[in-house]
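Source file: target_7.tsv. Holds: TSV, C-alpha atoms.
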chain	number	residue	atom	x	y	z
A	1	MET	CA	-5.71	4.95	28.94
A	2	SER	CA	-8.36	7.62	28.34
A	3	ASN	CA	-6.03	8.98	25.70
A	4	ASN	CA	-6.15	5.66	23.86
A	5	ILE	CA	-9.93	5.56	23.99
A	6	ILE	CA	-10.29	9.08	22.63
A	7	HIS	CA	-7.77	8.25	19.93
A	8	HIS	CA	-9.59	5.17	18.72
A	9	ALA	CA	-13.01	6.80	18.83
A	10	HIS	CA	-11.77	9.16	16.14
A	11	GLU	CA	-10.41	6.53	13.81
A	12	LEU	CA	-12.03	5.06	10.77
A	13	SER	CA	-12.20	1.27	10.99
A	14	LYS	CA	-11.48	-1.32	8.33
A	15	MET	CA	-15.14	-2.32	8.52
A	16	LYS	CA	-16.29	1.21	7.79
A	17	ARG	CA	-13.79	1.63	4.98
A	18	SER	CA	-14.93	-1.55	3.26
A	19	SER	CA	-18.64	-0.95	3.94
A	20	ILE	CA	-18.92	1.72	1.24
A	21	LYS	CA	-17.29	-0.73	-1.15
A	22	ASN	CA	-19.84	-3.54	-0.68
A	23	GLN	CA	-17.25	-6.24	-0.29
A	24	LYS	CA	-15.15	-8.15	2.22
A	25	PRO	CA	-11.46	-7.34	1.88
A	26	CYS	CA	-8.99	-10.16	1.24
A	27	VAL	CA	-5.81	-11.04	-0.61
A	28	LEU	CA	-5.79	-13.45	-3.52
A	29	TRP	CA	-2.19	-14.65	-3.41
A	30	PHE	CA	-1.33	-16.14	-6.81
A	31	THR	CA	1.65	-18.48	-6.72
A	32	GLY	CA	3.16	-20.59	-9.49
A	33	LEU	CA	6.05	-20.96	-11.89
A	34	SER	CA	7.19	-18.21	-14.20
A	35	GLY	CA	4.94	-18.45	-17.27
A	36	SER	CA	2.22	-20.34	-15.40
A	37	GLY	CA	-0.27	-17.56	-16.07
A	38	LYS	CA	-0.47	-15.84	-12.67
A	39	SER	CA	-0.44	-12.27	-13.98
A	40	THR	CA	-2.67	-13.02	-16.94
A	41	ILE	CA	-5.32	-14.60	-14.73
A	42	ALA	CA	-4.97	-11.97	-12.00
A	43	ASN	CA	-5.40	-9.18	-14.56
A	44	ALA	CA	-8.43	-10.83	-16.15
A	45	LEU	CA	-9.97	-11.44	-12.72
A	46	GLU	CA	-9.35	-7.86	-11.65
A	47	ILE	CA	-11.17	-6.52	-14.71
A	48	GLU	CA	-14.10	-8.84	-14.03
A	49	LEU	CA	-14.25	-7.73	-10.38
A	50	HIS	CA	-14.11	-4.11	-11.49
A	51	ASN	CA	-16.99	-4.73	-13.90
A	52	ARG	CA	-18.99	-5.92	-10.90
A	53	GLY	CA	-18.19	-2.67	-9.05
A	54	LYS	CA	-15.60	-4.20	-6.74
A	55	HIS	CA	-12.62	-2.23	-5.49
A	56	THR	CA	-9.37	-4.00	-6.18
A	57	TYR	CA	-5.65	-3.58	-6.47
A	58	LEU	CA	-3.09	-5.73	-8.22
A	59	LEU	CA	0.43	-6.05	-6.89
A	60	ASP	CA	2.94	-7.67	-9.21
A	61	GLY	CA	6.50	-7.23	-10.36
A	62	ASP	CA	5.55	-4.23	-12.46
A	63	THR	CA	4.05	-2.38	-9.48
A	64	VAL	CA	6.73	-3.01	-6.87
A	65	ARG	CA	10.02	-3.81	-8.59
A	66	LEU	CA	10.94	-0.24	-9.54
A	67	GLY	CA	9.30	1.34	-6.52
A	68	LEU	CA	8.82	-0.06	-3.05
A	69	ASN	CA	11.19	-2.98	-3.54
A	70	LYS	CA	13.80	-1.15	-5.55
A	71	GLY	CA	17.27	-2.17	-4.47
A	72	LEU	CA	16.30	-5.67	-3.38
A	73	GLY	CA	18.17	-8.43	-5.19
A	74	PHE	CA	17.89	-12.19	-5.30
A	75	SER	CA	19.78	-13.24	-2.18
A	76	ASP	CA	17.85	-15.31	0.36
A	77	ALA	CA	17.55	-12.32	2.70
A	78	ASP	CA	16.36	-10.01	-0.07
A	79	ARG	CA	13.90	-12.59	-1.35
A	80	ILE	CA	12.34	-12.92	2.10
A	81	GLU	CA	12.25	-9.12	2.54
A	82	ASN	CA	10.64	-8.81	-0.89
A	83	ILE	CA	7.76	-11.11	0.06
A	84	ARG	CA	7.51	-9.58	3.55
A	85	ARG	CA	6.99	-6.06	2.17
A	86	ILE	CA	4.41	-7.28	-0.35
A	87	ALA	CA	2.55	-8.98	2.48
A	88	GLU	CA	2.70	-5.88	4.68
A	89	VAL	CA	1.46	-3.67	1.84
A	90	SER	CA	-1.32	-6.18	1.16
A	91	LYS	CA	-2.29	-5.85	4.80
A	92	LEU	CA	-2.56	-2.07	4.45
A	93	PHE	CA	-4.75	-2.47	1.36
A	94	ILE	CA	-6.97	-4.93	3.25
A	95	ASP	CA	-7.19	-2.38	6.03
A	96	ALA	CA	-8.30	0.13	3.39
A	97	GLY	CA	-11.11	-2.27	2.44
A	98	LEU	CA	-9.83	-3.49	-0.92
A	99	ILE	CA	-9.63	-6.90	-2.55
A	100	VAL	CA	-5.94	-7.35	-3.35
A	101	LEU	CA	-4.49	-9.61	-6.02
A	102	THR	CA	-0.79	-10.46	-5.90
A	103	ALA	CA	1.14	-12.28	-8.61
A	104	PHE	CA	4.60	-13.43	-7.58
A	105	ILE	CA	6.26	-16.81	-8.05
A	106	SER	CA	6.75	-17.05	-4.25
A	107	PRO	CA	8.24	-20.55	-4.55
A	108	PHE	CA	8.96	-21.30	-0.90
A	109	GLU	CA	6.41	-22.76	1.49
A	110	LYS	CA	8.06	-21.04	4.44
A	111	ASP	CA	7.69	-17.58	2.92
A	112	ARG	CA	4.06	-18.15	1.96
A	113	LYS	CA	3.39	-19.48	5.47
A	114	GLN	CA	4.64	-16.16	6.87
A	115	VAL	CA	2.22	-14.29	4.66
A	116	ARG	CA	-0.63	-16.56	5.75
A	117	ASP	CA	0.27	-16.03	9.41
A	118	LEU	CA	0.29	-12.26	8.91
A	119	LEU	CA	-2.96	-12.02	6.97
A	120	GLU	CA	-4.76	-14.87	8.72
A	121	ASP	CA	-8.23	-15.62	7.35
A	122	GLU	CA	-7.97	-12.82	4.80
A	123	PHE	CA	-5.34	-14.80	2.90
A	124	ILE	CA	-6.50	-16.86	-0.07
A	125	GLU	CA	-3.75	-18.90	-1.69
A	126	VAL	CA	-4.32	-19.47	-5.40
A	127	PHE	CA	-1.98	-22.09	-6.82
A	128	ILE	CA	-1.66	-21.72	-10.59
A	129	ASP	CA	-0.53	-25.22	-11.41
A	130	THR	CA	0.93	-25.37	-14.89
A	131	PRO	CA	3.45	-28.09	-15.79
A	132	LEU	CA	7.02	-26.87	-16.10
A	133	VAL	CA	7.19	-28.18	-19.67
A	134	VAL	CA	4.24	-25.99	-20.63
A	135	CYS	CA	5.68	-22.91	-18.92
A	136	GLU	CA	8.98	-23.50	-20.65
A	137	GLN	CA	7.30	-23.82	-24.04
A	138	ARG	CA	5.43	-20.56	-23.47
A	139	ASP	CA	8.52	-18.78	-22.06
A	140	PRO	CA	6.83	-15.36	-22.53
A	141	LYS	CA	9.85	-13.40	-21.31
A	142	GLY	CA	12.53	-15.71	-22.72
A	143	LEU	CA	13.75	-16.42	-19.20
A	144	TYR	CA	13.74	-20.22	-19.34
A	145	ILE	CA	16.06	-20.21	-22.36
A	146	LYS	CA	18.47	-17.98	-20.45
A	147	ALA	CA	18.19	-20.14	-17.32
A	148	ARG	CA	18.90	-23.31	-19.34
A	149	LYS	CA	21.99	-21.63	-20.78
A	150	GLY	CA	23.07	-20.72	-17.26
A	151	GLU	CA	22.73	-17.00	-17.95
A	152	ILE	CA	20.25	-16.68	-15.04
A	153	LYS	CA	21.04	-18.44	-11.79
A	154	ASN	CA	18.60	-19.70	-9.14
A	155	PHE	CA	15.73	-19.76	-11.59
A	156	THR	CA	12.62	-21.42	-10.16
A	157	GLY	CA	11.92	-24.79	-11.79
A	158	ILE	CA	15.39	-25.03	-13.37
A	159	ASP	CA	18.06	-24.76	-10.69
A	160	SER	CA	15.90	-23.62	-7.77
A	161	PRO	CA	12.90	-25.55	-6.43
A	162	TYR	CA	9.23	-24.62	-6.56
A	163	GLU	CA	7.56	-25.92	-3.43
A	164	ALA	CA	3.97	-26.55	-4.51
A	165	PRO	CA	1.28	-25.49	-1.99
A	166	LYS	CA	-0.30	-28.44	-0.22
A	167	GLN	CA	-3.41	-26.72	1.09
A	168	ALA	CA	-4.11	-23.84	-1.26
A	169	GLU	CA	-7.64	-22.47	-1.02
A	170	LEU	CA	-7.74	-22.66	-4.81
A	171	HIS	CA	-5.81	-25.12	-6.94
A	172	ILE	CA	-6.06	-24.14	-10.59
A	173	TYR	CA	-4.84	-26.43	-13.37
A	174	ASN	CA	-3.99	-23.90	-16.01
A	175	ASP	CA	-2.73	-25.89	-18.97
A	176	LYS	CA	-6.02	-27.02	-20.48
A	177	ASP	CA	-8.66	-24.60	-19.22
A	178	SER	CA	-9.57	-21.22	-20.73
A	179	ILE	CA	-8.80	-18.01	-18.84
A	180	GLU	CA	-12.52	-17.30	-18.77
A	181	ASN	CA	-13.24	-20.62	-17.04
A	182	VAL	CA	-10.45	-20.11	-14.52
A	183	VAL	CA	-11.67	-16.60	-13.71
A	184	ASN	CA	-15.21	-17.92	-13.25
A	185	LYS	CA	-13.96	-20.58	-10.85
A	186	ILE	CA	-12.24	-17.99	-8.69
A	187	LEU	CA	-15.29	-15.71	-8.80
A	188	ALA	CA	-17.50	-18.61	-7.72
A	189	TYR	CA	-15.20	-19.23	-4.76
A	190	LEU	CA	-15.27	-15.54	-3.74
A	191	GLU	CA	-19.05	-15.48	-4.05
A	192	SER	CA	-19.52	-18.66	-2.02
A	193	LYS	CA	-17.37	-17.25	0.78
A	194	GLY	CA	-19.20	-13.92	0.84
A	195	TYR	CA	-16.28	-11.74	-0.27
A	196	LEU	CA	-18.38	-10.02	-2.92
A	197	ASP	CA	-21.14	-8.95	-0.54
A	198	ALA	CA	-21.13	-6.07	1.88
B	199	MET	CA	6.23	-5.32	-28.84
B	200	SER	CA	2.89	-6.95	-29.65
B	201	ASN	CA	3.25	-8.77	-26.35
B	202	ASN	CA	3.41	-5.45	-24.51
B	203	ILE	CA	0.34	-4.14	-26.26
B	204	ILE	CA	-1.68	-7.25	-25.45
B	205	HIS	CA	-0.49	-7.04	-21.86
B	206	HIS	CA	-1.57	-3.46	-21.34
B	207	ALA	CA	-4.91	-3.92	-23.04
B	208	HIS	CA	-5.78	-6.34	-20.26
B	209	GLU	CA	-4.84	-4.09	-17.38
B	210	LEU	CA	-7.10	-1.98	-15.23
B	211	SER	CA	-6.01	1.66	-15.25
B	212	LYS	CA	-5.78	4.10	-12.36
B	213	MET	CA	-8.50	6.13	-14.04
B	214	LYS	CA	-10.85	3.16	-14.15
B	215	ARG	CA	-10.07	2.21	-10.57
B	216	SER	CA	-10.83	5.70	-9.29
B	217	SER	CA	-13.87	6.18	-11.56
B	218	ILE	CA	-16.07	3.92	-9.42
B	219	LYS	CA	-14.97	5.94	-6.41
B	220	ASN	CA	-16.11	9.32	-7.76
B	221	GLN	CA	-12.95	11.12	-6.76
B	222	LYS	CA	-9.51	12.14	-7.98
B	223	PRO	CA	-6.75	10.28	-6.13
B	224	CYS	CA	-4.08	12.27	-4.29
B	225	VAL	CA	-1.91	12.29	-1.19
B	226	LEU	CA	-2.43	14.79	1.61
B	227	TRP	CA	1.03	14.85	3.13
B	228	PHE	CA	0.73	16.26	6.67
B	229	THR	CA	4.01	17.57	8.05
B	230	GLY	CA	4.72	19.33	11.34
B	231	LEU	CA	6.25	19.00	14.77
B	232	SER	CA	5.39	16.18	17.15
B	233	GLY	CA	2.23	17.28	18.94
B	234	SER	CA	1.29	19.77	16.22
B	235	GLY	CA	-1.95	17.92	15.55
B	236	LYS	CA	-1.15	16.11	12.29
B	237	SER	CA	-2.76	12.79	13.22
B	238	THR	CA	-5.72	14.37	14.98
B	239	ILE	CA	-6.55	16.51	11.96
B	240	ALA	CA	-5.86	13.71	9.48
B	241	ASN	CA	-8.16	11.35	11.39
B	242	ALA	CA	-10.94	13.95	11.63
B	243	LEU	CA	-10.58	14.76	7.93
B	244	GLU	CA	-10.66	11.08	6.97
B	245	ILE	CA	-13.94	10.56	8.84
B	246	GLU	CA	-15.44	13.60	7.13
B	247	LEU	CA	-14.31	12.34	3.71
B	248	HIS	CA	-15.76	8.91	4.51
B	249	ASN	CA	-19.06	10.53	5.46
B	250	ARG	CA	-19.11	12.04	1.99
B	251	GLY	CA	-18.61	8.60	0.45
B	252	LYS	CA	-14.95	9.12	-0.40
B	253	HIS	CA	-12.45	6.27	-0.36
B	254	THR	CA	-9.46	7.04	1.78
B	255	TYR	CA	-6.54	5.55	3.63
B	256	LEU	CA	-4.48	6.97	6.47
B	257	LEU	CA	-0.81	6.13	6.81
B	258	ASP	CA	0.81	7.09	10.09
B	259	GLY	CA	3.22	5.67	12.64
B	260	ASP	CA	0.60	3.25	13.89
B	261	THR	CA	0.06	1.74	10.45
B	262	VAL	CA	3.66	1.37	9.30
B	263	ARG	CA	5.97	1.26	12.32
B	264	LEU	CA	5.27	-2.35	13.33
B	265	GLY	CA	4.70	-3.59	9.81
B	266	LEU	CA	6.20	-2.36	6.57
B	267	ASN	CA	8.89	-0.23	8.23
B	268	LYS	CA	9.70	-2.62	11.05
B	269	GLY	CA	13.42	-2.76	11.62
B	270	LEU	CA	14.10	0.80	10.48
B	271	GLY	CA	15.74	3.00	13.11
B	272	PHE	CA	16.57	6.67	13.34
B	273	SER	CA	19.84	6.89	11.43
B	274	ASP	CA	19.93	9.24	8.46
B	275	ALA	CA	19.80	6.32	6.02
B	276	ASP	CA	16.88	4.67	7.83
B	277	ARG	CA	15.00	7.95	8.11
B	278	ILE	CA	15.28	8.49	4.36
B	279	GLU	CA	14.26	4.88	3.64
B	280	ASN	CA	11.29	5.29	6.01
B	281	ILE	CA	9.94	8.28	4.07
B	282	ARG	CA	10.80	6.66	0.73
B	283	ARG	CA	8.70	3.57	1.50
B	284	ILE	CA	5.78	5.66	2.73
B	285	ALA	CA	5.93	7.64	-0.50
B	286	GLU	CA	6.08	4.48	-2.62
B	287	VAL	CA	3.13	2.94	-0.76
B	288	SER	CA	1.22	6.21	-1.18
B	289	LYS	CA	1.87	5.94	-4.89
B	290	LEU	CA	0.37	2.44	-4.95
B	291	PHE	CA	-2.72	3.69	-3.10
B	292	ILE	CA	-3.06	6.56	-5.59
B	293	ASP	CA	-2.80	4.01	-8.37
B	294	ALA	CA	-5.63	2.13	-6.64
B	295	GLY	CA	-7.72	5.32	-6.84
B	296	LEU	CA	-7.72	6.33	-3.18
B	297	ILE	CA	-7.24	9.62	-1.38
B	298	VAL	CA	-4.31	9.02	0.95
B	299	LEU	CA	-3.56	10.93	4.15
B	300	THR	CA	-0.11	10.61	5.69
B	301	ALA	CA	0.90	11.95	9.10
B	302	PHE	CA	4.65	11.96	9.73
B	303	ILE	CA	6.86	14.72	11.12
B	304	SER	CA	8.99	14.52	7.92
B	305	PRO	CA	11.16	17.44	9.09
B	306	PHE	CA	13.58	17.69	6.17
B	307	GLU	CA	12.88	19.67	3.02
B	308	LYS	CA	15.06	17.33	0.96
B	309	ASP	CA	13.04	14.24	1.94
B	310	ARG	CA	9.71	15.95	1.26
B	311	LYS	CA	11.06	17.16	-2.08
B	312	GLN	CA	11.74	13.54	-3.03
B	313	VAL	CA	8.15	12.62	-2.23
B	314	ARG	CA	6.88	15.56	-4.29
B	315	ASP	CA	9.08	14.54	-7.21
B	316	LEU	CA	7.76	10.97	-7.02
B	317	LEU	CA	4.07	11.85	-6.69
B	318	GLU	CA	4.16	15.00	-8.86
B	319	ASP	CA	0.82	16.83	-9.07
B	320	GLU	CA	-0.90	14.26	-6.87
B	321	PHE	CA	1.12	15.50	-3.88
B	322	ILE	CA	-0.55	18.00	-1.57
B	323	GLU	CA	1.70	19.25	1.21
B	324	VAL	CA	-0.23	20.23	4.34
B	325	PHE	CA	1.94	22.11	6.80
B	326	ILE	CA	0.48	21.91	10.31
B	327	ASP	CA	2.11	24.98	11.79
B	328	THR	CA	1.90	24.92	15.57
B	329	PRO	CA	4.47	26.82	17.63
B	330	LEU	CA	7.01	24.63	19.39
B	331	VAL	CA	6.00	26.07	22.76
B	332	VAL	CA	2.41	24.92	22.20
B	333	CYS	CA	3.46	21.44	21.05
B	334	GLU	CA	5.71	21.16	24.09
B	335	GLN	CA	2.89	22.18	26.43
B	336	ARG	CA	0.59	19.57	24.89
B	337	ASP	CA	3.30	16.87	24.82
B	338	PRO	CA	0.67	14.15	24.26
B	339	LYS	CA	3.16	11.31	24.34
B	340	GLY	CA	5.54	12.78	26.94
B	341	LEU	CA	8.30	12.87	24.34
B	342	TYR	CA	9.36	16.51	24.73
B	343	ILE	CA	10.03	16.00	28.44
B	344	LYS	CA	12.24	13.04	27.61
B	345	ALA	CA	13.99	14.96	24.84
B	346	ARG	CA	14.67	17.92	27.16
B	347	LYS	CA	16.19	15.49	29.67
B	348	GLY	CA	18.36	14.05	26.91
B	349	GLU	CA	16.67	10.65	27.11
B	350	ILE	CA	15.72	10.90	23.44
B	351	LYS	CA	18.31	12.10	20.95
B	352	ASN	CA	17.76	13.85	17.62
B	353	PHE	CA	14.26	14.93	18.59
B	354	THR	CA	12.73	17.34	16.09
B	355	GLY	CA	12.42	20.86	17.48
B	356	ILE	CA	14.78	20.18	20.40
B	357	ASP	CA	18.12	18.95	19.13
B	358	SER	CA	17.21	18.30	15.51
B	359	PRO	CA	15.80	20.94	13.14
B	360	TYR	CA	12.35	21.16	11.62
B	361	GLU	CA	12.66	22.69	8.16
B	362	ALA	CA	9.34	24.41	7.62
B	363	PRO	CA	7.84	24.04	4.13
B	364	LYS	CA	8.12	27.19	2.07
B	365	GLN	CA	5.53	26.39	-0.58
B	366	ALA	CA	3.05	24.03	1.03
B	367	GLU	CA	-0.25	23.75	-0.82
B	368	LEU	CA	-1.94	24.24	2.56
B	369	HIS	CA	-0.47	26.15	5.49
B	370	ILE	CA	-2.56	25.53	8.59
B	371	TYR	CA	-2.05	27.55	11.77
B	372	ASN	CA	-3.21	25.05	14.33
B	373	ASP	CA	-2.82	26.79	17.68
B	374	LYS	CA	-5.93	28.94	17.70
B	375	ASP	CA	-8.36	27.35	15.25
B	376	SER	CA	-10.80	24.51	15.98
B	377	ILE	CA	-10.29	21.09	14.41
B	378	GLU	CA	-13.62	21.50	12.66
B	379	ASN	CA	-12.51	24.76	11.02
B	380	VAL	CA	-9.20	23.28	9.95
B	381	VAL	CA	-10.93	20.24	8.44
B	382	ASN	CA	-13.34	22.51	6.58
B	383	LYS	CA	-10.44	24.52	5.16
B	384	ILE	CA	-8.83	21.38	3.79
B	385	LEU	CA	-12.14	20.14	2.40
B	386	ALA	CA	-12.70	23.48	0.68
B	387	TYR	CA	-9.27	23.19	-0.94
B	388	LEU	CA	-9.98	19.63	-2.16
B	389	GLU	CA	-13.34	20.72	-3.52
B	390	SER	CA	-11.93	23.75	-5.31
B	391	LYS	CA	-9.30	21.57	-7.00
B	392	GLY	CA	-11.80	18.93	-8.09
B	393	TYR	CA	-10.46	16.05	-5.97
B	394	LEU	CA	-13.91	15.22	-4.62
B	395	ASP	CA	-15.55	14.88	-8.04
B	396	ALA	CA	-15.36	11.97	-10.43

Please rewrite the model in this file as structure tokens.
Amino acid sequence: MSNNIIHHAHELSKMKRSSIKNQKPCVLWFTGLSGSGKSTIANALEIELHNRGKHTYLLDGDTVRLGLNKGLGFSDADRIENIRRIAEVSKLFIDAGLIVLTAFISPFEKDRKQVRDLLEDEFIEVFIDTPLVVCEQRDPKGLYIKARKGEIKNFTGIDSPYEAPKQAELHIYNDKDSIENVVNKILAYLESKGYLDA
Amino acid sequence: MSNNIIHHAHELSKMKRSSIKNQKPCVLWFTGLSGSGKSTIANALEIELHNRGKHTYLLDGDTVRLGLNKGLGFSDADRIENIRRIAEVSKLFIDAGLIVLTAFISPFEKDRKQVRDLLEDEFIEVFIDTPLVVCEQRDPKGLYIKARKGEIKNFTGIDSPYEAPKQAELHIYNDKDSIENVVNKILAYLESKGYLDA
């Protein structure tokens, strides 16, 4: 008992870690179809937050695929483990006081619910809602063409469902708006909720 | 090709992320026997770094055992995966511009070598060298007693080896020095190498 008390008295708290950053830590969880613009918006938002002196980190396929989540495939079990690890890492970054941005398709309600349960009120779901037809026209990585040909299986929107969020904190229609406008909308939300203050 | 260039032009770099933190990111990898004082020293050092306005994060059993590394046991494969994930998460935190402190026994040279290879010159090995007899007398968690009784198997120092680092950046003899002195030694090292400047 006394051991526990001594232990905790010598630990740095999340509050103290974030206090020198003048912000309230949280995770902006971008979800949406491949090609919907998640990464583009997350990157643009991160730069804008950085310009305002905020401390951020962006987790996306590029940051975890070849590292932490190396070896995970596309089976149901691996897909769940993939999202679970991203959520747990996000939690560590929140604990470190940062504003985290994640950009993964994360198509299943059940998986996103698990993340929400883990991160509680520090979880901000950002639904990037771009019509499939638009995503498929953009096809920035040429993945839709391959999926239509059957060269990729279980591709979200083609032969695997995307379960749209029903109660996302932010619902962004991304087929007609400019990136700048979308970023400003998200910033306005963060400001109104006090995430950008100490 | 042009797609890649556009992509990267809109990304925030590690250098930019750490620039607003006035520090050079790195990992202080504490290694040593159970009870050697790794966590105690790491916690005291983190508070001192925080007091100097530095942005840090501490990874230890408490932060990863019930979260990211939940489900991993003590088999050889799990032990390697445990250290691998900690190293990969450390790399993400470095990328975010933080000074990371890790406190794990990490008894095997081969595993630590893998971490060093991954993190390259951002890896600082801190060997907390406390004689086994001292650690066993302290026995803060009552684990040595259980290991001696055979209630815990493969316990480092008892029935599993601790491979002492041969070229640690910092070799700390922790049986006669005060925590304050040890912390000051590590701070002096970080200062001399420029980690505490922008």

- request: At a cut-off of 6 Å, list the chain B residues touching chain A, using only C-alpha atoms, as a VMD selection string.
  value: chain B and resid 209 241 255 265 to 266 283 286 294

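Pairwise distance (CA of Val182 in chain A, CA of Arg79 in chain A) equals 28.7 Å.
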
- prompt: Within 12 Å of Phe108 in chain A, counting all atoms listed in the file, which residues qualify if same-chain residues fewer than 3 places away don't, as a list of chain:residue names?
  reply: A:Thr31, A:Gly32, A:Leu33, A:Asp76, A:Arg79, A:Ile80, A:Ile83, A:Phe104, A:Ile105, A:Asp111, A:Arg112, A:Lys113, A:Gln114, A:Val115, A:Thr156, A:Gly157, A:Ser160, A:Pro161, A:Tyr162, A:Glu163, A:Ala164, A:Pro165, A:Lys166

field: Pick from B:Pro223, B:Gly235, B:Gly269, B:Gly392 nearest to Asp337 in chain B, counting all atoms listed in the file
entry: B:Gly235

message: Please report the interatomic distance between CA of Leu330 in chain B and CA of Asn280 in chain B in Å with one decimal.
response: 23.9 Å
